[in-house]
$ cat input-v8.csv   # CSV, C-alpha atoms
chain,number,residue,atom,x,y,z
A,62,GLN,CA,-123.6,139.8,20.3
A,63,SER,CA,-125.4,137.1,18.3
A,64,GLU,CA,-126.1,133.6,19.5
A,65,TYR,CA,-123.7,132.2,17.0
A,66,GLY,CA,-121.0,134.7,17.9
A,67,HIS,CA,-121.2,133.6,21.6
A,68,PHE,CA,-121.1,130.0,20.6
A,69,PHE,CA,-118.1,130.4,18.4
A,70,LEU,CA,-116.1,132.5,20.9
A,71,SER,CA,-117.0,130.1,23.7
A,72,TRP,CA,-115.8,127.2,21.6
A,73,TYR,CA,-112.6,129.0,20.4
A,74,SER,CA,-111.6,130.2,23.9
A,75,GLY,CA,-112.6,126.8,25.4
A,76,LEU,CA,-109.9,125.1,23.2
A,77,LEU,CA,-107.3,127.2,24.9
A,78,VAL,CA,-108.7,126.4,28.4
A,79,ARG,CA,-108.7,122.6,27.6
A,80,HIS,CA,-105.2,122.8,26.2
A,81,ALA,CA,-104.0,124.4,29.4
A,82,ARG,CA,-105.7,121.7,31.5
A,83,ARG,CA,-104.1,118.9,29.3
A,84,VAL,CA,-100.6,120.4,29.5
A,85,LEU,CA,-100.8,121.2,33.3
A,86,GLY,CA,-102.3,117.8,33.9
A,87,ALA,CA,-99.5,116.0,32.1
A,88,ALA,CA,-96.9,117.9,33.9
A,89,ALA,CA,-98.6,117.3,37.3
A,90,ASP,CA,-98.7,113.6,36.6
A,91,VAL,CA,-94.9,113.6,36.1
A,92,LEU,CA,-94.3,115.6,39.2
A,93,ASN,CA,-96.6,113.4,41.3
A,94,LYS,CA,-95.0,110.1,40.4
A,95,PRO,CA,-93.8,107.9,43.3
A,96,GLY,CA,-90.3,108.8,44.4
A,97,ARG,CA,-90.4,112.4,43.2
A,98,PRO,CA,-89.3,115.0,45.8
A,99,ARG,CA,-92.1,116.5,47.8
A,100,MET,CA,-92.5,119.2,50.4
A,101,LEU,CA,-95.0,119.8,53.3
A,102,ARG,CA,-97.8,122.1,52.1
A,103,ALA,CA,-100.2,122.1,55.0
A,104,VAL,CA,-101.2,120.4,58.3
A,105,ARG,CA,-104.8,119.9,59.2
A,106,GLU,CA,-106.3,118.7,62.4
A,107,CYS,CA,-109.5,116.7,62.1
A,108,GLU,CA,-112.5,116.7,64.5
A,109,ASN,CA,-111.5,113.2,65.8
A,110,GLY,CA,-108.1,114.5,66.7
A,111,HIS,CA,-106.2,113.0,63.8
A,112,VAL,CA,-103.7,115.1,62.0
A,113,VAL,CA,-103.5,115.2,58.2
A,114,TYR,CA,-100.3,116.2,56.5
A,115,GLU,CA,-100.6,117.5,52.9
A,116,PHE,CA,-97.6,117.3,50.6
A,117,ALA,CA,-97.0,118.9,47.2
A,118,PRO,CA,-94.3,118.6,44.6
A,119,VAL,CA,-91.2,120.6,45.2
A,120,VAL,CA,-91.6,122.2,41.7
A,121,GLN,CA,-94.6,124.5,41.4
A,122,LEU,CA,-96.4,124.5,38.1
A,123,GLY,CA,-96.8,127.8,36.3
A,124,ALA,CA,-98.5,129.3,33.2
A,125,LYS,CA,-97.9,132.4,31.3
A,126,LEU,CA,-100.6,134.7,29.8
A,127,ALA,CA,-99.9,137.0,27.0
A,128,GLY,CA,-100.6,140.7,27.6
A,129,VAL,CA,-102.8,141.5,24.6
A,130,HIS,CA,-103.7,145.0,25.7
A,131,TRP,CA,-104.6,146.7,22.4
A,132,TRP,CA,-108.3,147.3,21.8
A,133,PHE,CA,-108.8,146.7,25.5
A,134,LYS,CA,-110.8,149.9,25.8
A,135,SER,CA,-113.2,148.9,23.0
A,136,ARG,CA,-116.5,147.1,23.5
A,137,ALA,CA,-115.4,144.0,21.6
A,138,HIS,CA,-111.8,143.5,22.7
A,139,ALA,CA,-111.1,142.2,19.2
A,140,ALA,CA,-107.4,141.5,19.7
A,141,GLU,CA,-108.0,139.4,22.8
A,142,LEU,CA,-110.8,137.5,21.1
A,143,THR,CA,-108.5,136.7,18.2
A,144,ALA,CA,-105.8,135.4,20.6
A,145,GLY,CA,-108.4,133.1,22.3
A,146,TYR,CA,-109.3,135.2,25.4
A,147,TYR,CA,-113.1,135.6,25.4
A,148,ASN,CA,-112.8,138.8,27.3
A,149,THR,CA,-115.3,141.7,26.8
A,150,ARG,CA,-116.8,144.4,28.9
A,151,ASP,CA,-119.5,142.0,30.1
A,152,ARG,CA,-117.4,138.8,30.5
A,153,ASP,CA,-114.1,138.0,32.3
A,154,GLY,CA,-112.2,135.9,29.8
A,155,TYR,CA,-109.3,135.2,32.1
A,156,ALA,CA,-111.3,133.6,34.9
A,157,PRO,CA,-111.6,130.2,33.2
A,158,ILE,CA,-107.9,130.0,32.6
A,159,ILE,CA,-106.9,131.1,36.1
A,160,GLN,CA,-109.4,128.6,37.5
A,161,VAL,CA,-107.5,125.8,35.8
A,162,ILE,CA,-104.2,127.1,37.2
A,163,ALA,CA,-105.8,127.2,40.6
A,164,GLU,CA,-106.8,123.5,40.3
A,165,PHE,CA,-103.2,122.5,39.9
A,166,ASN,CA,-101.9,124.9,42.6
A,167,GLY,CA,-99.9,126.7,40.0
A,168,CYS,CA,-98.7,130.3,39.6
A,169,LEU,CA,-99.5,132.8,36.8
A,170,SER,CA,-97.0,134.9,35.0
A,171,PHE,CA,-98.2,138.0,33.2
A,172,THR,CA,-96.4,140.6,31.1
A,173,CYS,CA,-96.5,144.4,30.3
A,174,VAL,CA,-96.0,145.5,33.9
A,175,GLU,CA,-93.9,148.4,32.8
A,176,MET,CA,-96.4,149.9,30.3
A,177,ARG,CA,-98.7,152.9,30.8
A,178,ASP,CA,-101.9,153.6,28.8
A,179,CYS,CA,-100.7,157.1,27.9
A,180,GLU,CA,-97.7,155.7,26.0
A,181,HIS,CA,-99.9,154.2,23.2
A,182,PRO,CA,-101.7,155.9,20.4
A,183,PRO,CA,-105.3,156.7,21.2
A,184,GLU,CA,-106.6,155.0,18.0
A,185,GLY,CA,-105.3,151.6,19.3
A,186,ARG,CA,-107.5,151.9,22.4
A,187,CYS,CA,-104.7,150.2,24.4
A,188,SER,CA,-104.8,149.7,28.2
A,189,PRO,CA,-102.0,147.7,29.6
A,190,GLN,CA,-102.8,149.1,33.0
A,191,GLY,CA,-106.4,148.2,32.9
A,192,LEU,CA,-105.6,144.7,31.7
A,193,LEU,CA,-103.1,144.1,34.4
A,194,GLN,CA,-105.5,145.3,37.0
A,195,GLN,CA,-108.2,142.9,35.8
A,196,VAL,CA,-105.7,140.0,35.9
A,197,LEU,CA,-104.5,141.0,39.4
A,198,GLN,CA,-108.1,141.0,40.7
A,199,CYS,CA,-109.0,137.7,39.1
A,200,ALA,CA,-105.8,136.0,40.4
A,201,GLU,CA,-106.6,137.3,43.9
A,202,ARG,CA,-110.1,136.0,43.6
A,203,TYR,CA,-109.0,132.5,42.9
A,204,GLY,CA,-105.9,132.5,45.2
A,205,VAL,CA,-103.4,132.2,42.4
A,206,PRO,CA,-100.0,133.9,43.0
A,207,LEU,CA,-99.1,136.3,40.2
A,208,ALA,CA,-95.6,136.9,38.8
A,209,GLY,CA,-94.9,139.8,36.4
A,210,GLU,CA,-92.4,140.7,33.8
A,211,ASN,CA,-91.7,143.6,31.4
A,212,ALA,CA,-92.6,143.3,27.8
A,213,LEU,CA,-90.1,145.8,26.5
A,214,GLN,CA,-86.5,146.3,27.5
A,215,ARG,CA,-86.6,149.8,29.0
A,216,TYR,CA,-84.4,151.6,31.4
A,217,ASP,CA,-86.2,155.0,31.7
A,218,GLU,CA,-87.6,156.2,35.0
A,219,HIS,CA,-91.2,156.1,33.7
A,220,ALA,CA,-90.9,152.3,33.1
A,221,PHE,CA,-89.2,151.8,36.5
A,222,ASP,CA,-91.9,153.8,38.3
A,223,ARG,CA,-94.6,151.7,36.6
A,224,ILE,CA,-92.9,148.4,37.5
A,225,ALA,CA,-92.6,149.4,41.1
A,226,GLU,CA,-96.2,150.5,41.2
A,227,SER,CA,-97.3,147.2,39.6
A,228,ALA,CA,-95.2,145.1,42.0
A,229,PHE,CA,-96.0,146.9,45.3
A,230,GLY,CA,-99.0,149.2,44.6
A,231,ARG,CA,-99.3,152.8,45.7
A,232,THR,CA,-103.0,153.1,46.1
A,233,ALA,CA,-103.8,149.3,46.4
A,234,ARG,CA,-102.4,146.7,48.8
A,235,ALA,CA,-98.6,146.2,49.0
A,236,GLY,CA,-97.0,143.1,47.5
A,237,ARG,CA,-99.3,142.6,44.6
A,238,LEU,CA,-96.8,140.5,42.6
A,239,GLU,CA,-95.1,137.5,44.1
A,240,GLN,CA,-92.2,137.6,41.7
A,241,LEU,CA,-90.7,139.9,39.1
A,242,THR,CA,-88.7,138.9,36.0
A,243,PHE,CA,-86.8,141.7,34.3
A,244,LEU,CA,-86.1,141.1,30.6
A,245,ARG,CA,-83.5,140.7,29.3
A,246,MET,CA,-79.8,140.3,29.8
A,247,GLY,CA,-77.8,141.6,26.9
A,248,ASP,CA,-75.7,144.5,25.6
A,249,LEU,CA,-78.5,147.1,26.3
A,250,MET,CA,-78.6,146.1,30.0
A,251,PHE,CA,-74.9,146.5,30.4
A,252,ASP,CA,-75.0,149.8,28.6
A,253,ASN,CA,-77.5,151.0,31.2
A,254,TRP,CA,-76.0,149.1,34.1
A,255,ASP,CA,-76.0,152.0,36.6
A,256,ALA,CA,-79.7,152.7,36.0
A,257,PHE,CA,-80.5,149.0,36.4
A,258,CYS,CA,-78.5,148.7,39.6
A,259,ALA,CA,-80.4,151.8,41.0
A,260,PHE,CA,-83.7,150.1,40.1
A,261,LEU,CA,-82.7,146.9,41.9
A,262,GLN,CA,-81.7,148.9,45.0
A,263,ARG,CA,-85.1,150.7,44.8
A,264,MET,CA,-87.0,147.4,44.7
A,265,ARG,CA,-85.0,146.1,47.6
A,266,GLY,CA,-85.7,149.3,49.4
A,267,ASN,CA,-89.4,149.0,49.0
A,268,ARG,CA,-89.3,145.6,50.5
A,269,SER,CA,-87.0,146.6,53.4
A,270,ASP,CA,-89.3,149.5,54.5
A,271,VAL,CA,-91.3,147.0,56.6
A,272,GLU,CA,-88.2,145.6,58.1
A,273,GLN,CA,-87.0,149.1,59.0
A,274,GLN,CA,-90.3,149.9,60.6
A,275,GLN,CA,-90.2,146.6,62.6
A,276,GLN,CA,-86.6,147.4,63.8
A,277,LEU,CA,-87.7,150.9,64.8
A,278,LEU,CA,-90.7,149.5,66.8
A,279,LEU,CA,-88.4,147.0,68.5
A,280,LEU,CA,-86.0,149.8,69.5
A,281,LEU,CA,-88.8,151.9,70.9
A,282,LEU,CA,-90.1,148.9,72.9
A,283,LEU,CA,-86.6,148.3,74.3
A,284,LEU,CA,-86.3,152.0,75.3
A,285,LEU,CA,-89.7,151.8,77.0
A,286,LEU,CA,-88.6,148.7,78.9
A,287,LEU,CA,-85.4,150.4,80.0
A,288,LEU,CA,-87.4,153.4,81.2
A,289,VAL,CA,-89.7,151.2,83.3
A,290,LEU,CA,-86.7,149.5,84.9
A,291,VAL,CA,-85.2,152.9,85.8
A,292,LEU,CA,-88.4,154.0,87.4
A,293,LEU,CA,-88.6,150.7,89.4
A,294,LEU,CA,-85.0,151.2,90.6
A,295,LEU,CA,-85.8,154.8,91.7
A,296,LEU,CA,-88.9,153.6,93.6
A,297,LEU,CA,-86.8,150.9,95.4
A,298,LEU,CA,-84.2,153.4,96.3
$ encode --input "input-v8.csv" --output "structure tokens"
Amino acid sequence: QSEYGHFFLSWYSGLLVRHARRVLGAAADVLNKPGRPRMLRAVRECENGHVVYEFAPVVQLGAKLAGVHWWFKSRAHAAELTAGYYNTRDRDGYAPIIQVIAEFNGCLSFTCVEMRDCEHPPEGRCSPQGLLQQVLQCAERYGVPLAGENALQRYDEHAFDRIAESAFGRTARAGRLEQLTFLRMGDLMFDNWDAFCAFLQRMRGNRSDVEQQQQLLLLLLLLLLLLVLVLLLLLLL
């Protein structure tokens, strides 16, 4: 809380932010070179009637943040401060990094989407759920798409439930994560292949619920139209 402490942590975390800007800037320079593939990003119509077409590189830049969730429930957030994230109860340390990603129209990848607070010892003051929620809200505020991945290779129902909740949300809005990466392919995955396949089917099922509702609504509209036609025919007869 001292003036020097604020100075040091601002300088220390600023190095990470400047590093992110340098790396993303160098990558963007390569992708924006003449002759590189590009795609249409937006079309804007000006007041004078002119139409402006905006193009962007085919490859979208991305950055990954580490899920340093231990000591998240403490006042100082010591683990995050050590890693270069100046994040405390009174300061959002992820906003400067996400702002840089937004400048380059990039996406953000974040980990520990399968973890729950109750799975960690209380003395560690861990909160992977609280940390993920903070990053979700910050990414939404700056319009940065968020991708998620699991930190541990787990195949239990508790982990699958938490991943589904992180991806789609149960009390929050649906579709909170743009993408999901499941780590990792190896012997353990194939030993639990049935559980993994059931999880994939469940994730596809969550996404297809909307499509099923749309199909049901279309069917009801067709039935209503058919009923109207029958009534018209009866009136004509």
$ closest_atom_pairs --input "input-v8.csv" --of "stretch 171-230 of chain A" --to "stretch 243-261 of chain A" --cutoff "7 Å" --atoms "only C-alpha atoms" --output "tab-separated table"
residue	atom	partner	partner_atom	distance
A:Glu210	CA	A:Phe243	CA	5.7
A:Asn211	CA	A:Phe243	CA	6.0
A:Gln214	CA	A:Leu244	CA	6.1
A:Tyr216	CA	A:Ala256	CA	6.7
A:Phe221	CA	A:Phe260	CA	6.8
$ closest_atom_pairs --input "input-v8.csv" --of "stretch 191-211 of chain A" --to "stretch 103-123 of chain A" --cutoff "12 Å" --atoms "all atoms listed in the file" --output "JSON lines"
{"residue": "A:Val205", "atom": "CA", "partner": "A:Gly123", "partner_atom": "CA", "distance": 10.0}
{"residue": "A:Pro206", "atom": "CA", "partner": "A:Gly123", "partner_atom": "CA", "distance": 9.6}
{"residue": "A:Leu207", "atom": "CA", "partner": "A:Gly123", "partner_atom": "CA", "distance": 9.6}
{"residue": "A:Ala208", "atom": "CA", "partner": "A:Gly123", "partner_atom": "CA", "distance": 9.5}
$ closest_residue --input "input-v8.csv" --among "A:Glu175, A:Leu142, A:Gly167, A:Val129" --to "A:Gly86" --atoms "all atoms listed in the file"
A:Gly167
$ residues_around --input "input-v8.csv" --residues "A:Lys134" --least-positions-apart "3" --cutoff "10 Å" --atoms "all atoms listed in the file" --output "ChimeraX atom specification"
/A:130-131,137-138,149-150,183,185-189,191-192
$ atom_distance --input "input-v8.csv" --atom1 "atom CA of A:Ala124" --atom2 "atom CA of A:Phe68"
25.9 Å
$ atom_distance --input "input-v8.csv" --atom1 "atom CA of A:Gly145" --atom2 "atom CA of A:Leu77"
6.5 Å
$ atom_distance --input "input-v8.csv" --atom1 "atom CA of A:Arg82" --atom2 "atom CA of A:Gly204"
17.4 Å
$ axis_aligned_box --input "input-v8.csv" --around "stretch 177-189 of chain A" --padding-each-side "3 Å" --output "AutoDock Vina command-line options"
--center_x -102.6 --center_y 152.4 --center_z 24.4 --size_x 15.8 --size_y 15.4 --size_z 18.8
$ residues_near_point --input "input-v8.csv" --point "(-118.3, 144.6, 25.3)" --cutoff "12 Å" --atoms "all atoms listed in the file" --output "VMD selection string"
chain A and resid 62 67 132 to 139 141 to 142 147 to 154
$ residues_around --input "input-v8.csv" --residues "A:Ile158" --least-positions-apart "4" --cutoff "8 Å" --atoms "only C-alpha atoms" --output "ChimeraX atom specification"
/A:78,81,154,162
$ decode --input "input-v8.csv" --residues "stretch 83-157 of chain A" --atoms "C-alpha atoms" --output "short mmCIF file (atom, residue, chain, number, x, y, z; two decimals), in the first residue's frame"
data_model
loop_
_atom_site.label_atom_id
_atom_site.label_comp_id
_atom_site.auth_asym_id
_atom_site.auth_seq_id
_atom_site.Cartn_x
_atom_site.Cartn_y
_atom_site.Cartn_z
CA ARG A 83 5.80 -5.51 -28.81
CA VAL A 84 5.14 -9.17 -29.60
CA LEU A 85 1.61 -8.60 -30.91
CA GLY A 86 2.80 -5.59 -32.89
CA ALA A 87 5.59 -7.58 -34.55
CA ALA A 88 3.18 -10.36 -35.45
CA ALA A 89 0.62 -7.86 -36.78
CA ASP A 90 3.28 -6.23 -38.98
CA VAL A 91 4.00 -9.60 -40.58
CA LEU A 92 0.32 -10.42 -41.14
CA ASN A 93 -0.39 -6.96 -42.61
CA LYS A 94 2.37 -7.04 -45.19
CA PRO A 95 1.23 -6.46 -48.81
CA GLY A 96 0.18 -9.67 -50.50
CA ARG A 97 -0.87 -11.44 -47.33
CA PRO A 98 -4.34 -13.09 -47.38
CA ARG A 99 -7.08 -10.86 -46.02
CA MET A 100 -10.79 -11.19 -45.30
CA LEU A 101 -13.67 -8.73 -45.14
CA ARG A 102 -14.24 -7.63 -41.54
CA ALA A 103 -16.86 -4.88 -41.82
CA VAL A 104 -18.73 -2.62 -44.24
CA ARG A 105 -19.53 0.97 -43.23
CA GLU A 106 -21.65 3.50 -45.08
CA CYS A 107 -20.55 7.12 -44.70
CA GLU A 108 -22.81 10.16 -44.52
CA ASN A 109 -21.85 11.19 -48.06
CA GLY A 110 -23.04 7.84 -49.40
CA HIS A 111 -19.61 6.32 -49.83
CA VAL A 112 -19.10 2.75 -48.66
CA VAL A 113 -15.98 1.79 -46.72
CA TYR A 114 -14.83 -1.82 -46.69
CA GLU A 115 -12.61 -2.90 -43.81
CA PHE A 116 -10.32 -5.89 -44.23
CA ALA A 117 -8.35 -7.86 -41.66
CA PRO A 118 -5.74 -10.62 -41.80
CA VAL A 119 -7.11 -14.12 -42.21
CA VAL A 120 -5.16 -15.24 -39.14
CA GLN A 121 -6.41 -13.75 -35.88
CA LEU A 122 -3.84 -12.89 -33.25
CA GLY A 123 -4.22 -14.36 -29.80
CA ALA A 124 -2.62 -14.25 -26.37
CA LYS A 125 -2.74 -16.58 -23.43
CA LEU A 126 -3.01 -15.58 -19.78
CA ALA A 127 -1.89 -17.84 -16.98
CA GLY A 128 -4.54 -18.77 -14.43
CA VAL A 129 -2.68 -17.81 -11.25
CA HIS A 130 -5.58 -18.44 -8.88
CA TRP A 131 -3.83 -19.15 -5.59
CA TRP A 132 -4.05 -16.35 -3.00
CA PHE A 133 -6.82 -14.80 -5.11
CA LYS A 134 -9.05 -14.49 -2.04
CA SER A 135 -6.39 -12.59 -0.11
CA ARG A 136 -6.08 -8.82 -0.03
CA ALA A 137 -2.65 -8.69 -1.70
CA HIS A 138 -3.01 -11.40 -4.40
CA ALA A 139 0.68 -12.19 -3.82
CA ALA A 140 0.95 -14.97 -6.44
CA GLU A 141 -0.50 -12.80 -9.20
CA LEU A 142 1.74 -9.87 -8.25
CA THR A 143 4.78 -12.14 -8.45
CA ALA A 144 3.73 -13.31 -11.93
CA GLY A 145 3.43 -9.71 -13.15
CA TYR A 146 -0.33 -9.22 -12.85
CA TYR A 147 -0.95 -6.14 -10.68
CA ASN A 148 -4.32 -7.43 -9.59
CA THR A 149 -5.70 -6.67 -6.12
CA ARG A 150 -9.08 -6.16 -4.49
CA ASP A 151 -8.95 -2.50 -5.53
CA ARG A 152 -7.31 -2.83 -8.97
CA ASP A 153 -8.09 -4.87 -12.07
CA GLY A 154 -4.69 -6.08 -13.17
CA TYR A 155 -5.94 -7.83 -16.30
CA ALA A 156 -7.57 -4.79 -17.90
CA PRO A 157 -4.29 -3.30 -19.29
#
